[in-house]
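Printed here is run-v6.txt (compact mmCIF, C-alpha atoms):
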```txt
# COMPACT_ATOMS: atom_id res chain seq x y z
CA MET W 162 -260.44 65.01 -73.00
CA GLY W 163 -262.08 66.49 -69.97
CA VAL W 164 -264.42 69.43 -70.23
CA PRO W 165 -263.00 72.68 -68.87
CA GLY W 166 -264.70 73.93 -65.77
CA PRO W 167 -264.14 75.96 -62.62
CA PHE W 168 -261.89 74.66 -59.89
CA PRO W 169 -261.03 75.99 -56.45
CA GLY W 170 -258.30 78.48 -57.29
CA SER W 171 -255.28 79.42 -55.27
CA PRO W 172 -255.17 82.74 -53.42
CA GLY W 173 -255.30 85.51 -56.01
CA ARG W 174 -256.89 83.18 -58.64
CA PRO W 175 -260.34 82.19 -57.25
CA ASP W 176 -262.43 79.98 -59.46
CA ALA W 177 -260.03 80.18 -62.44
CA PRO W 178 -261.10 78.10 -65.44
CA VAL W 179 -259.53 74.69 -65.67
CA LEU W 180 -257.33 74.10 -68.72
CA ASP W 181 -258.18 71.32 -71.11
CA ARG W 182 -255.62 68.80 -72.32
CA GLU W 183 -254.57 70.78 -75.39
CA GLU W 184 -254.22 73.96 -73.40
CA VAL W 185 -252.08 72.14 -70.85
CA ASP W 186 -249.84 70.75 -73.58
CA ARG W 187 -249.44 74.15 -75.20
CA ALA W 188 -248.64 75.73 -71.83
CA LEU W 189 -246.06 73.03 -71.08
CA GLU W 190 -244.50 73.52 -74.50
CA ARG W 191 -244.32 77.28 -74.01
CA LEU W 192 -242.91 76.95 -70.52
CA GLY W 193 -240.38 74.41 -71.77
CA ALA W 194 -239.18 76.85 -74.40
CA GLU W 195 -238.93 79.54 -71.74
CA TYR W 196 -237.03 77.12 -69.54
CA GLU W 197 -234.45 76.48 -72.28
CA ALA W 198 -234.09 80.18 -73.01
CA ILE W 199 -233.62 80.97 -69.32
CA GLU W 200 -231.13 78.16 -68.87
CA THR W 201 -229.14 79.31 -71.92
CA SER W 202 -229.10 82.90 -70.65
CA LEU W 203 -228.02 81.84 -67.16
CA LEU W 204 -225.22 79.67 -68.50
CA ALA W 205 -224.08 82.50 -70.78
CA LEU W 206 -224.17 84.86 -67.80
CA GLN W 207 -222.17 82.36 -65.78
CA ASP W 208 -219.58 82.08 -68.54
CA HIS W 209 -219.46 85.78 -69.48
CA ALA W 210 -215.87 87.11 -69.71
CA GLY W 211 -216.89 90.21 -67.77
CA ARG W 212 -218.20 88.09 -64.92
CA ARG W 213 -214.95 86.13 -64.71
CA LEU W 214 -213.00 89.38 -64.63
CA LEU W 215 -215.22 90.81 -61.91
CA GLU W 216 -214.85 87.66 -59.81
CA GLY W 217 -211.05 87.81 -60.04
CA ALA W 218 -210.55 91.55 -59.64
CA GLU W 219 -209.79 93.56 -56.50
CA LEU W 220 -212.68 95.96 -56.81
CA SER W 221 -213.41 99.21 -55.07
CA GLY W 222 -215.96 102.00 -55.00
CA THR W 223 -219.13 101.82 -57.06
CA THR W 224 -218.13 98.62 -58.83
CA LYS W 225 -217.47 96.77 -55.58
CA GLU W 226 -220.90 97.70 -54.23
CA ARG W 227 -222.82 96.94 -57.42
CA TRP W 228 -220.97 93.69 -58.09
CA ALA W 229 -221.68 92.46 -54.55
CA ALA W 230 -225.38 93.14 -55.18
CA ALA W 231 -225.16 91.49 -58.60
CA GLU W 232 -223.55 88.37 -57.12
CA ARG W 233 -226.40 88.09 -54.65
CA SER W 234 -228.87 88.55 -57.52
CA ILE W 235 -227.18 85.78 -59.51
CA THR W 236 -227.36 83.45 -56.50
CA VAL W 237 -231.07 84.24 -56.17
CA LEU W 238 -231.48 83.72 -59.92
CA TRP W 239 -230.24 80.14 -59.68
CA SER W 240 -232.45 79.48 -56.66
CA LEU W 241 -235.48 80.78 -58.55
CA PHE W 242 -234.49 78.78 -61.58
CA ASP W 243 -234.23 75.62 -59.46
CA ALA W 244 -237.71 76.29 -58.13
CA TYR W 245 -238.97 76.93 -61.65
CA THR W 246 -237.32 73.69 -62.83
CA ALA W 247 -238.84 71.66 -60.02
CA ALA W 248 -242.32 73.06 -60.66
CA LEU W 249 -242.08 72.45 -64.39
CA GLU W 250 -240.82 68.90 -63.84
CA ALA W 251 -243.68 68.23 -61.44
CA ALA W 252 -246.17 69.46 -64.04
CA ARG W 253 -244.56 67.32 -66.73
CA GLU W 254 -244.59 64.20 -64.53
CA LEU W 255 -248.25 64.75 -63.73
CA ARG W 256 -249.07 65.22 -67.39
CA GLU W 257 -247.19 62.10 -68.43
CA ARG W 258 -249.14 59.82 -66.06
CA ARG W 259 -252.03 59.47 -68.46
CA ARG W 260 -252.54 60.11 -72.11
CA TRP W 261 -255.98 61.45 -71.29
CA PRO W 262 -255.71 63.25 -67.97
CA SER W 263 -258.65 63.18 -65.59
CA ALA W 264 -260.52 66.27 -64.42
CA GLU W 265 -258.60 66.13 -61.17
CA ASP W 266 -255.31 65.96 -63.12
CA LEU W 267 -256.31 68.94 -65.26
CA ALA W 268 -257.29 70.94 -62.20
CA GLU W 269 -253.97 70.13 -60.54
CA LEU W 270 -252.07 70.92 -63.76
CA THR W 271 -253.91 74.22 -64.08
CA GLU W 272 -252.89 75.09 -60.55
CA LEU W 273 -249.26 74.11 -61.24
CA LEU W 274 -249.09 76.03 -64.50
CA HIS W 275 -251.06 79.16 -63.63
CA GLY W 276 -251.52 79.20 -59.91
CA GLU W 277 -249.16 80.65 -57.36
CA GLY W 278 -248.08 77.28 -56.21
CA VAL W 279 -244.30 77.67 -56.24
CA THR W 280 -242.92 78.47 -52.81
CA VAL W 281 -239.55 80.23 -52.76
CA PRO W 282 -237.52 80.58 -49.53
CA GLY W 283 -237.35 84.07 -48.09
CA ALA W 284 -233.69 84.66 -48.97
CA ALA W 285 -234.37 83.76 -52.58
CA ALA W 286 -237.52 85.85 -52.74
CA ALA W 287 -235.68 88.94 -51.50
CA ASP W 288 -234.90 90.00 -55.07
CA GLY W 289 -231.16 89.96 -54.54
CA GLY W 290 -231.27 92.96 -52.27
CA PRO W 291 -228.86 93.79 -49.45
CA GLU W 292 -228.14 91.01 -47.05
CA GLY W 293 -228.45 91.22 -43.30
CA GLY W 294 -232.20 91.91 -43.00
CA PRO W 295 -234.67 89.67 -41.22
CA ALA W 296 -235.24 86.36 -42.96
CA GLU W 297 -238.63 85.84 -44.64
CA LEU W 298 -240.40 82.51 -44.30
CA GLY W 299 -241.00 82.37 -48.04
CA GLU W 300 -243.10 83.71 -50.89
CA ARG W 301 -245.40 82.01 -53.34
CA PHE W 302 -245.08 82.59 -57.10
CA SER W 303 -246.70 81.46 -60.26
CA LEU W 304 -244.39 80.21 -63.00
CA GLU W 305 -245.01 83.44 -64.90
CA GLY W 306 -244.23 85.43 -61.77
CA LEU W 307 -240.98 83.50 -61.37
CA VAL W 308 -240.01 84.30 -64.96
CA GLU W 309 -240.76 87.97 -64.42
CA ARG W 310 -238.70 88.03 -61.22
CA MET W 311 -235.82 86.21 -62.92
CA ASN W 312 -235.92 88.61 -65.88
CA GLY W 313 -235.51 91.58 -63.56
CA LEU W 314 -232.62 90.03 -61.65
CA TYR W 315 -230.97 88.90 -64.86
CA ALA W 316 -231.19 92.37 -66.47
CA ARG W 317 -229.70 94.12 -63.44
CA SER W 318 -226.89 91.59 -63.10
CA LEU W 319 -226.10 91.62 -66.81
CA ASP W 320 -226.09 95.42 -66.81
CA VAL W 321 -223.29 95.44 -64.23
CA ILE W 322 -221.30 92.78 -66.07
CA VAL W 323 -221.70 94.29 -69.55
CA ALA W 324 -220.88 97.83 -68.37
CA ALA W 325 -217.74 96.72 -66.51
CA ASP W 326 -216.64 94.57 -69.44
CA ALA W 327 -217.20 97.44 -71.89
CA VAL W 328 -215.04 99.80 -69.80
CA TRP W 329 -212.32 97.19 -69.37
CA SER W 330 -212.40 96.44 -73.09
CA ALA W 331 -212.15 100.10 -74.07
CA LEU W 332 -210.00 102.02 -71.62
CA PRO W 333 -207.04 99.95 -70.34
CA ALA W 334 -205.84 99.07 -73.85
CA ARG W 335 -206.10 102.70 -74.93
CA ILE W 336 -204.32 103.84 -71.79
CA ASP W 337 -201.53 101.33 -72.47
CA LEU W 338 -201.15 102.57 -76.05
CA LEU W 339 -201.04 106.16 -74.84
CA SER W 340 -198.50 105.22 -72.18
CA ALA W 341 -196.30 103.63 -74.84
CA GLU W 342 -196.55 106.79 -76.93
CA LEU W 343 -195.72 108.81 -73.83
CA GLN W 344 -192.58 106.75 -73.25
CA ARG W 345 -191.44 107.34 -76.84
CA THR W 346 -192.13 111.05 -76.48
CA ARG W 347 -190.31 111.15 -73.14
CA SER W 348 -187.23 109.45 -74.63
CA LEU W 349 -187.21 111.87 -77.54
CA ALA W 350 -187.77 114.82 -75.21
CA HIS W 351 -184.84 113.81 -73.00
CA SER W 352 -182.59 113.63 -76.07
CA VAL W 353 -183.26 117.30 -76.80
CA GLY W 354 -183.02 118.49 -73.21
CA VAL W 355 -186.75 118.57 -72.39
CA ARG W 356 -186.52 117.18 -68.87
CA PRO W 357 -188.43 117.68 -65.60
CA GLY W 358 -187.17 120.70 -63.74
CA GLU W 359 -185.50 122.10 -66.85
CA HIS W 360 -188.41 122.62 -69.21
CA PRO W 361 -192.17 123.03 -68.62
CA ALA W 362 -192.93 120.29 -71.16
CA GLY W 363 -190.74 117.91 -69.14
CA ASP W 364 -192.81 118.66 -66.04
CA ASP W 365 -195.99 118.11 -68.05
CA LEU W 366 -194.71 114.70 -69.19
CA GLU W 367 -194.20 113.67 -65.58
CA ARG W 368 -197.69 114.88 -64.69
CA ILE W 369 -199.28 112.93 -67.57
CA THR W 370 -197.30 109.81 -66.64
CA LYS W 371 -198.66 109.91 -63.08
CA GLU W 372 -202.15 110.67 -64.32
CA LEU W 373 -202.16 107.64 -66.65
CA LEU W 374 -200.93 105.38 -63.85
CA ARG W 375 -203.67 106.62 -61.51
CA LEU W 376 -206.27 106.39 -64.27
CA ARG W 377 -205.38 102.80 -65.16
CA GLU W 378 -205.47 101.69 -61.51
CA ARG W 379 -208.87 103.32 -61.03
CA VAL W 380 -210.28 101.85 -64.24
CA ILE W 381 -209.17 98.34 -63.26
CA ALA W 382 -210.49 98.61 -59.70
CA ASP W 383 -213.69 100.59 -60.35
CA PRO W 384 -214.74 100.35 -64.02
CA LEU W 385 -218.32 101.41 -63.32
CA ALA W 386 -217.03 104.80 -62.16
CA PHE W 387 -216.21 105.34 -65.84
CA TRP W 388 -219.57 104.29 -67.23
CA VAL W 389 -222.12 106.79 -68.55
CA SER W 390 -225.61 105.32 -68.78
CA SER W 391 -227.58 105.93 -71.93
CA SER W 392 -229.58 109.17 -71.94
CA THR W 393 -232.22 107.67 -74.26
CA GLY W 394 -233.93 105.87 -71.40
CA SER W 395 -233.23 102.45 -72.84
CA SER W 396 -233.68 99.63 -70.33
CA ALA W 397 -231.44 97.22 -72.25
CA PRO W 398 -228.53 95.86 -70.17
CA GLY W 399 -225.31 97.72 -70.86
CA GLY W 400 -227.05 100.76 -72.34
CA GLY W 401 -224.43 103.48 -72.26
CA ARG W 402 -220.80 104.12 -73.05
CA PRO W 403 -217.38 104.30 -71.33
CA ASP W 404 -216.49 107.76 -70.01
CA THR W 405 -213.18 108.65 -71.69
CA GLY W 406 -212.98 112.25 -70.47
CA ARG W 407 -209.81 111.88 -68.35
CA TYR W 408 -208.14 109.77 -71.02
CA ASP W 409 -208.99 112.30 -73.74
CA ARG W 410 -207.55 115.19 -71.73
CA ALA W 411 -204.31 113.29 -71.17
CA ALA W 412 -204.13 112.41 -74.87
CA ARG W 413 -204.60 116.06 -75.90
CA ALA W 414 -201.95 117.23 -73.42
CA LEU W 415 -199.50 114.62 -74.73
CA GLU W 416 -200.16 115.68 -78.31
CA GLU W 417 -199.33 119.30 -77.44
CA ILE W 418 -196.06 118.19 -75.83
CA ARG W 419 -195.27 115.99 -78.82
CA ARG W 420 -195.67 118.97 -81.14
CA GLU W 421 -193.44 121.07 -78.89
CA VAL W 422 -190.75 118.38 -78.83
CA ALA W 423 -191.02 118.08 -82.63
CA ALA W 424 -190.43 121.82 -82.89
CA VAL W 425 -187.34 121.49 -80.69
CA LEU W 426 -186.13 118.63 -82.92
CA ASP W 427 -186.55 120.87 -85.95
CA VAL W 428 -184.41 123.43 -84.19
CA ARG W 429 -181.68 120.86 -83.57
CA GLN W 430 -181.68 119.75 -87.21
CA ASP W 431 -181.74 123.31 -88.55
CA ALA W 432 -179.80 125.13 -85.84
CA GLU W 433 -176.52 125.69 -87.76
CA ARG W 434 -178.29 127.09 -90.82
CA ARG W 435 -180.36 129.47 -88.71
CA LEU W 436 -177.32 130.57 -86.72
CA MET W 437 -175.42 131.29 -89.95
CA GLN W 438 -178.35 133.30 -91.27
CA LEU W 439 -178.50 135.26 -88.03
CA ARG W 440 -174.78 136.02 -88.20
CA ASP W 441 -175.19 137.17 -91.79
CA VAL W 442 -178.13 139.46 -90.98
CA LEU W 443 -176.37 141.02 -88.00
CA SER W 444 -173.16 141.38 -90.04
CA ARG W 445 -175.07 143.23 -92.76
CA ALA W 446 -176.68 145.44 -90.13
CA ASP W 447 -173.25 146.23 -88.63
CA ARG W 448 -171.75 147.01 -92.06
CA THR W 449 -174.71 149.24 -92.88
CA LEU W 450 -174.28 151.14 -89.60
CA THR W 451 -170.56 151.50 -90.29
CA GLU W 452 -171.38 152.85 -93.74
CA ALA W 453 -173.90 155.21 -92.17
CA ARG W 454 -171.31 156.54 -89.71
CA GLN W 455 -168.82 157.08 -92.53
CA ALA W 456 -171.48 158.77 -94.65
CA ARG W 457 -172.38 161.02 -91.75
CA GLY W 458 -168.78 162.20 -91.50
CA GLU W 459 -168.75 162.85 -95.24
CA VAL W 460 -172.04 164.76 -95.04
CA LEU W 461 -170.82 166.88 -92.16
CA ALA W 462 -167.69 167.70 -94.16
CA LYS W 463 -169.41 168.42 -97.50
CA ILE W 464 -172.82 169.82 -96.56
CA ALA W 465 -173.25 172.97 -94.54
CA ALA W 466 -176.28 174.11 -92.56
CA SER W 467 -177.80 170.62 -92.59
CA GLU W 468 -179.02 168.59 -89.64
CA VAL W 469 -177.60 165.08 -89.83
CA PRO W 470 -178.99 162.48 -87.36
CA ALA W 471 -176.59 160.58 -85.14
CA VAL W 472 -175.80 156.93 -85.94
CA SER W 473 -175.88 154.39 -83.13
CA GLY W 474 -173.44 151.53 -82.83
CA PRO W 475 -174.16 147.80 -83.27
CA SER W 476 -176.60 146.19 -80.83
CA THR W 477 -174.48 144.73 -78.06
CA ALA W 478 -177.46 142.81 -76.64
CA LEU W 479 -178.12 141.06 -79.95
CA HIS W 480 -174.51 139.98 -80.30
CA GLU W 481 -174.50 138.70 -76.72
CA GLN W 482 -177.66 136.70 -77.36
CA LEU W 483 -176.21 135.34 -80.59
CA ALA W 484 -173.20 134.14 -78.62
CA ALA W 485 -175.56 132.56 -76.06
CA ALA W 486 -177.42 130.79 -78.88
CA ALA W 487 -174.17 129.38 -80.23
CA ASP W 488 -173.32 128.19 -76.72
CA TYR W 489 -176.72 126.49 -76.38
CA ARG W 490 -176.04 124.68 -79.63
CA ARG W 491 -172.65 123.49 -78.46
CA ARG W 492 -174.19 122.19 -75.24
CA ALA W 493 -177.17 120.61 -77.07
CA GLN W 494 -179.61 122.69 -75.03
CA TRP W 495 -182.13 122.67 -77.86
CA HIS W 496 -185.13 123.51 -75.70
CA ARG W 497 -183.45 126.81 -74.74
CA LEU W 498 -182.12 127.45 -78.23
CA SER W 499 -185.54 127.15 -79.87
CA PRO W 500 -187.28 130.20 -78.31
CA LEU W 501 -184.05 132.24 -78.42
CA LEU W 502 -183.63 131.69 -82.16
CA ASP W 503 -187.25 132.65 -82.79
CA SER W 504 -186.73 135.92 -80.91
CA LEU W 505 -183.33 136.62 -82.45
CA GLU W 506 -184.51 136.14 -86.02
CA GLU W 507 -187.22 138.73 -85.62
CA ARG W 508 -185.00 141.22 -83.79
CA ALA W 509 -182.09 140.78 -86.22
CA GLU W 510 -184.35 141.70 -89.13
CA ASP W 511 -185.52 144.74 -87.18
CA GLU W 512 -181.89 145.70 -86.55
CA LEU W 513 -181.04 145.47 -90.26
CA HIS W 514 -184.09 147.57 -91.12
CA ARG W 515 -183.06 150.17 -88.54
CA ALA W 516 -179.50 150.31 -89.94
CA ARG W 517 -180.82 150.85 -93.47
CA GLU W 518 -183.14 153.60 -92.31
CA SER W 519 -180.22 155.24 -90.51
CA LEU W 520 -178.07 155.13 -93.67
CA THR W 521 -180.91 156.60 -95.70
CA ALA W 522 -181.41 159.39 -93.17
CA VAL W 523 -177.76 160.45 -92.97
CA THR W 524 -177.19 160.33 -96.74
CA ALA W 525 -180.32 162.32 -97.54
CA PRO W 526 -178.38 165.66 -97.91
CA LEU W 527 -175.97 164.03 -100.40
CA ALA W 528 -178.95 162.71 -102.31
CA VAL W 529 -180.45 166.22 -102.39
CA ARG W 530 -177.14 167.66 -103.65
CA ALA W 531 -176.92 164.98 -106.35
CA GLU W 532 -180.47 165.73 -107.44
CA LEU W 533 -179.71 169.47 -107.66
CA ARG W 534 -176.55 168.79 -109.69
CA GLY W 535 -178.50 166.61 -112.08
CA ARG W 536 -181.23 169.20 -112.49
CA LEU W 537 -178.68 171.98 -113.15
CA ASP W 538 -176.86 169.97 -115.82
CA ALA W 539 -180.15 168.98 -117.44
CA TYR W 540 -181.19 172.61 -117.88
CA ARG W 541 -177.66 173.53 -119.08
CA ALA W 542 -177.94 170.87 -121.80
CA LYS W 543 -181.39 172.10 -122.76
CA VAL W 544 -180.16 175.67 -123.09
CA ALA W 545 -177.20 174.52 -125.18
CA ARG W 546 -179.49 172.68 -127.61
CA HIS W 547 -181.26 175.97 -128.25
CA GLY W 548 -177.97 177.81 -128.91
CA MET W 549 -178.15 179.92 -125.80
CA ALA W 550 -175.20 178.48 -123.88
CA GLU W 551 -173.25 181.75 -124.17
CA ASP W 552 -176.06 183.96 -122.88
CA PRO W 553 -174.39 186.17 -120.24
CA LEU W 554 -177.21 186.03 -117.68
CA LEU W 555 -177.59 182.28 -118.00
CA THR W 556 -173.83 181.77 -117.86
CA GLU W 557 -173.56 183.90 -114.73
CA ARG W 558 -176.36 182.10 -112.93
CA TYR W 559 -175.10 178.68 -114.01
CA ASP W 560 -171.57 179.40 -112.77
CA LEU W 561 -172.94 180.63 -109.42
CA ALA W 562 -175.08 177.54 -108.90
CA ARG W 563 -172.28 175.23 -109.99
CA ARG W 564 -169.78 176.77 -107.60
CA MET W 565 -172.20 176.29 -104.73
CA LEU W 566 -172.94 172.65 -105.60
CA TRP W 567 -169.33 171.65 -106.25
CA SER W 568 -167.78 173.40 -103.27
CA ALA W 569 -167.41 172.10 -99.75
CA PRO W 570 -169.09 172.60 -97.49
CA CYS W 571 -172.16 173.04 -99.68
CA ASP W 572 -174.97 175.23 -98.47
CA LEU W 573 -177.94 173.23 -99.78
CA ARG W 574 -180.50 175.93 -99.17
CA ALA W 575 -178.48 178.60 -101.02
CA ALA W 576 -177.57 176.11 -103.78
CA GLU W 577 -181.21 175.15 -104.24
CA GLN W 578 -182.13 178.84 -104.61
CA ALA W 579 -179.33 179.33 -107.16
CA VAL W 580 -180.53 176.34 -109.20
CA TRP W 581 -184.08 177.61 -109.04
CA ARG W 582 -183.00 181.08 -110.32
CA TYR W 583 -181.08 179.46 -113.20
CA GLN W 584 -184.20 177.41 -114.07
CA GLN W 585 -186.30 180.56 -114.09
CA ALA W 586 -183.87 182.44 -116.33
CA ALA W 587 -183.60 179.47 -118.70
CA ALA W 588 -187.37 179.12 -118.87
CA GLU W 589 -187.79 182.81 -119.71
CA ALA W 590 -185.04 182.68 -122.31
CA LEU W 591 -186.58 179.69 -124.02
CA VAL W 592 -190.03 181.31 -124.41
CA PRO W 593 -190.43 182.46 -128.06
CA PRO W 594 -191.14 186.23 -128.48
CA GLN W 595 -194.73 187.27 -129.28
CA PRO W 596 -195.27 188.92 -132.78
CA GLU W 597 -195.94 192.67 -132.61
CA GLY W 598 -199.39 193.99 -133.25
CA ARG W 599 -201.19 190.96 -131.83
CA GLY W 600 -203.04 192.05 -128.83
CA GLU W 601 -205.95 190.57 -127.04
CA SER W 602 -209.24 191.10 -128.74
```
Do you think you could lay out the structure here as structure tokens?
Amino acid sequence: MGVPGPFPGSPGRPDAPVLDREEVDRALERLGAEYEAIETSLLALQDHAGRRLLEGAELSGTTKERWAAAERSITVLWSLFDAYTAALEAARELRERRRWPSAEDLAELTELLHGEGVTVPGAAAADGGPEGGPAELGERFSLEGLVERMNGLYARSLDVIVAADAVWSALPARIDLLSAELQRTRSLAHSVGVRPGEHPAGDDLERITKELLRLRERVIADPLAFWVSSSTGSSAPGGGRPDTGRYDRAARALEEIRREVAAVLDVRQDAERRLMQLRDVLSRADRTLTEARQARGEVLAKIAASEVPAVSGPSTALHEQLAAAADYRRRAQWHRLSPLLDSLEERAEDELHRARESLTAVTAPLAVRAELRGRLDAYRAKVARHGMAEDPLLTERYDLARRMLWSAPCDLRAAEQAVWRYQQAAAEALVPPQPEGRGES
């Protein structure tokens, strides 16, 4: 084994120590392992599914520019690897000449392994940058420098390939699934009358269809336009995620339309029942208004000096809209029937409530008369239980109040006063007399 010593170094490594035999063998072993790792990575890069897709695709935009640069980088990578291979083979051949290398051999091996003795043509040394610049004569590298240069080119190239492959793996399949769901929704929507130009949801379906077509074309042609790099600062190739913003917005819009179409379907399935309920509610409202008009005539005939509110007729607008709803059902125009039924159901209930309030208002005088009659008879019975039914004053006041309440037209104000006077007389008559001689002390 030769003794390590200084040797004339290459530029940048003056008087570097010469490696001994063991150090040379360890360096060759390490460089051989690096060679195998680099070769494996390059072959994997060459065979990567994303690379094959990029090579066969009609690219545009950002992806076209970055893939062109990546292809140049990959070409440079192989050139650098060839230079690395040749230098390593030269070092191995020199080492294998003798079992115990001479001092000159060790000096030459040291230069091959650690010196900048690998000359790379200018095009290969350009780091895979844009083409078209002036050609360089060449650049000298050490084996370690070559590995560092190859690592940089490999990372940038792999980043492009991995990012494009990730977008292509994520978005087109999801877009296709959403498009299939859109077609099912469109077919269902057409069956219930939700069509472009006839319903806003139909127009939205057309808009989403065009958006998905444009989105898929753009994703296929320019996948890197839909790539968001990692915000953590990671330098690992492919650090980031696909940008699904446009897809997500289309998916949410389709879900809203799907719910709207489902609501229209519910209307179709339940339309007859709801129409029957509407007819029943409006019929009850009409009957109540008829009863209110009849009651008003009775009140005007039987009650005097009483203000009785007027009673309106049935709502013509509601009946017209009910007829329109029935027509929509016959024509299967469910998208128009749905909002009309929602409005009609609320307004029909309001109409029934209004009719009931009207009946209550016009029959209020009859209710007052009935209450006065009941009160008069109740006091008459109370007086009779105390044996005072034949009292002249009570009999006179009772007969007066009764004539007023059972005559037509009845003056409610006068009758109420008569009942009140009878109550007063009855109350006084029913008070027991105070014993004489008991005064206040």
Using Å and a single decimal, report how far CA of Ala542 (chain W) sits from CA of Leu561 (chain W).
16.5 Å
Would you kindly return, as a VMD selection string, each protein, DNA or RNA residue with an atom no farther than 8 Å from any atom of region 184-190 of chain W, considering only C-alpha atoms and excluding same-chain residues fewer than 5 positions away?
chain W and resid 249 252 to 253 267 270 to 271 274
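Straight-line separation from CA of Leu479 (chain W) to CA of Val355 (chain W): 25.2 Å.
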As a VMD selection string, please: the residues near Phe242 (chain W) (cut-off 9 Å, only C-alpha atoms, same-chain neighbours under 2 positions excluded).
chain W and resid 196 199 to 200 237 to 240 244 to 247 307 to 308 311
So how many Å separate CA of Phe387 (chain W) and CA of Trp329 (chain W), to one decimal?
9.7 Å
With distances taken over all atoms listed in the file, which of W:Leu415, W:Ala586, W:Thr524, W:Val389 is nearest to Arg454 (chain W)?
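Closest to Arg454 (chain W) of all the choices is W:Thr524.
Distances from W:Ala446, W:Ala575, W:Val544, W:Leu461 to Ala509 (chain W) were compared using only C-alpha atoms, and the smallest one belongs to W:Ala446.
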Mind checking which residues fall within 7 Å of region 366-383 of chain W, counting all atoms listed in the file, ignoring those fewer than 6 positions away in the same chain, and posting them as an mmCIF file with C-alpha atoms, in the coordinates of the input?
```cif
data_model
loop_
_atom_site.group_PDB
_atom_site.id
_atom_site.type_symbol
_atom_site.label_atom_id
_atom_site.label_comp_id
_atom_site.auth_asym_id
_atom_site.auth_seq_id
_atom_site.Cartn_x
_atom_site.Cartn_y
_atom_site.Cartn_z
ATOM 1 C CA GLU W 219 -209.790 93.560 -56.500
ATOM 2 C CA LEU W 220 -212.680 95.960 -56.810
ATOM 3 C CA SER W 221 -213.410 99.210 -55.070
ATOM 4 C CA GLY W 222 -215.960 102.000 -55.000
ATOM 5 C CA THR W 223 -219.130 101.820 -57.060
ATOM 6 C CA THR W 224 -218.130 98.620 -58.830
ATOM 7 C CA TRP W 329 -212.320 97.190 -69.370
ATOM 8 C CA PRO W 333 -207.040 99.950 -70.340
ATOM 9 C CA ILE W 336 -204.320 103.840 -71.790
ATOM 10 C CA ARG W 347 -190.310 111.150 -73.140
ATOM 11 C CA ALA W 411 -204.310 113.290 -71.170
#
```
Could you pull the residues within 12 Å of Arg435 (chain W), counting all atoms listed in the file, minus those fewer than 2 positions along the same chain, as an MDAnalysis selection string?
chainID W and resid 427:433 437:442 483 486:487 490 498:499 501:507 509
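Nearest-residue note for Ile464 (chain W): choosing from W:Ala248, W:Val592, W:Val523, W:Leu555, the minimum distance belongs to W:Val523, counting only C-alpha atoms.
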Residues at most 7 Å from region 576-578 of chain W, counting only C-alpha atoms, excluding those fewer than 6 positions away in the same chain, as a count of residues only?
4
Name the closest residue to Trp388 (chain W) among the candidates W:Leu349, W:Pro361, W:Asp326, W:Leu339; distances are taken between atoms, counting all atoms listed in the file.
W:Asp326
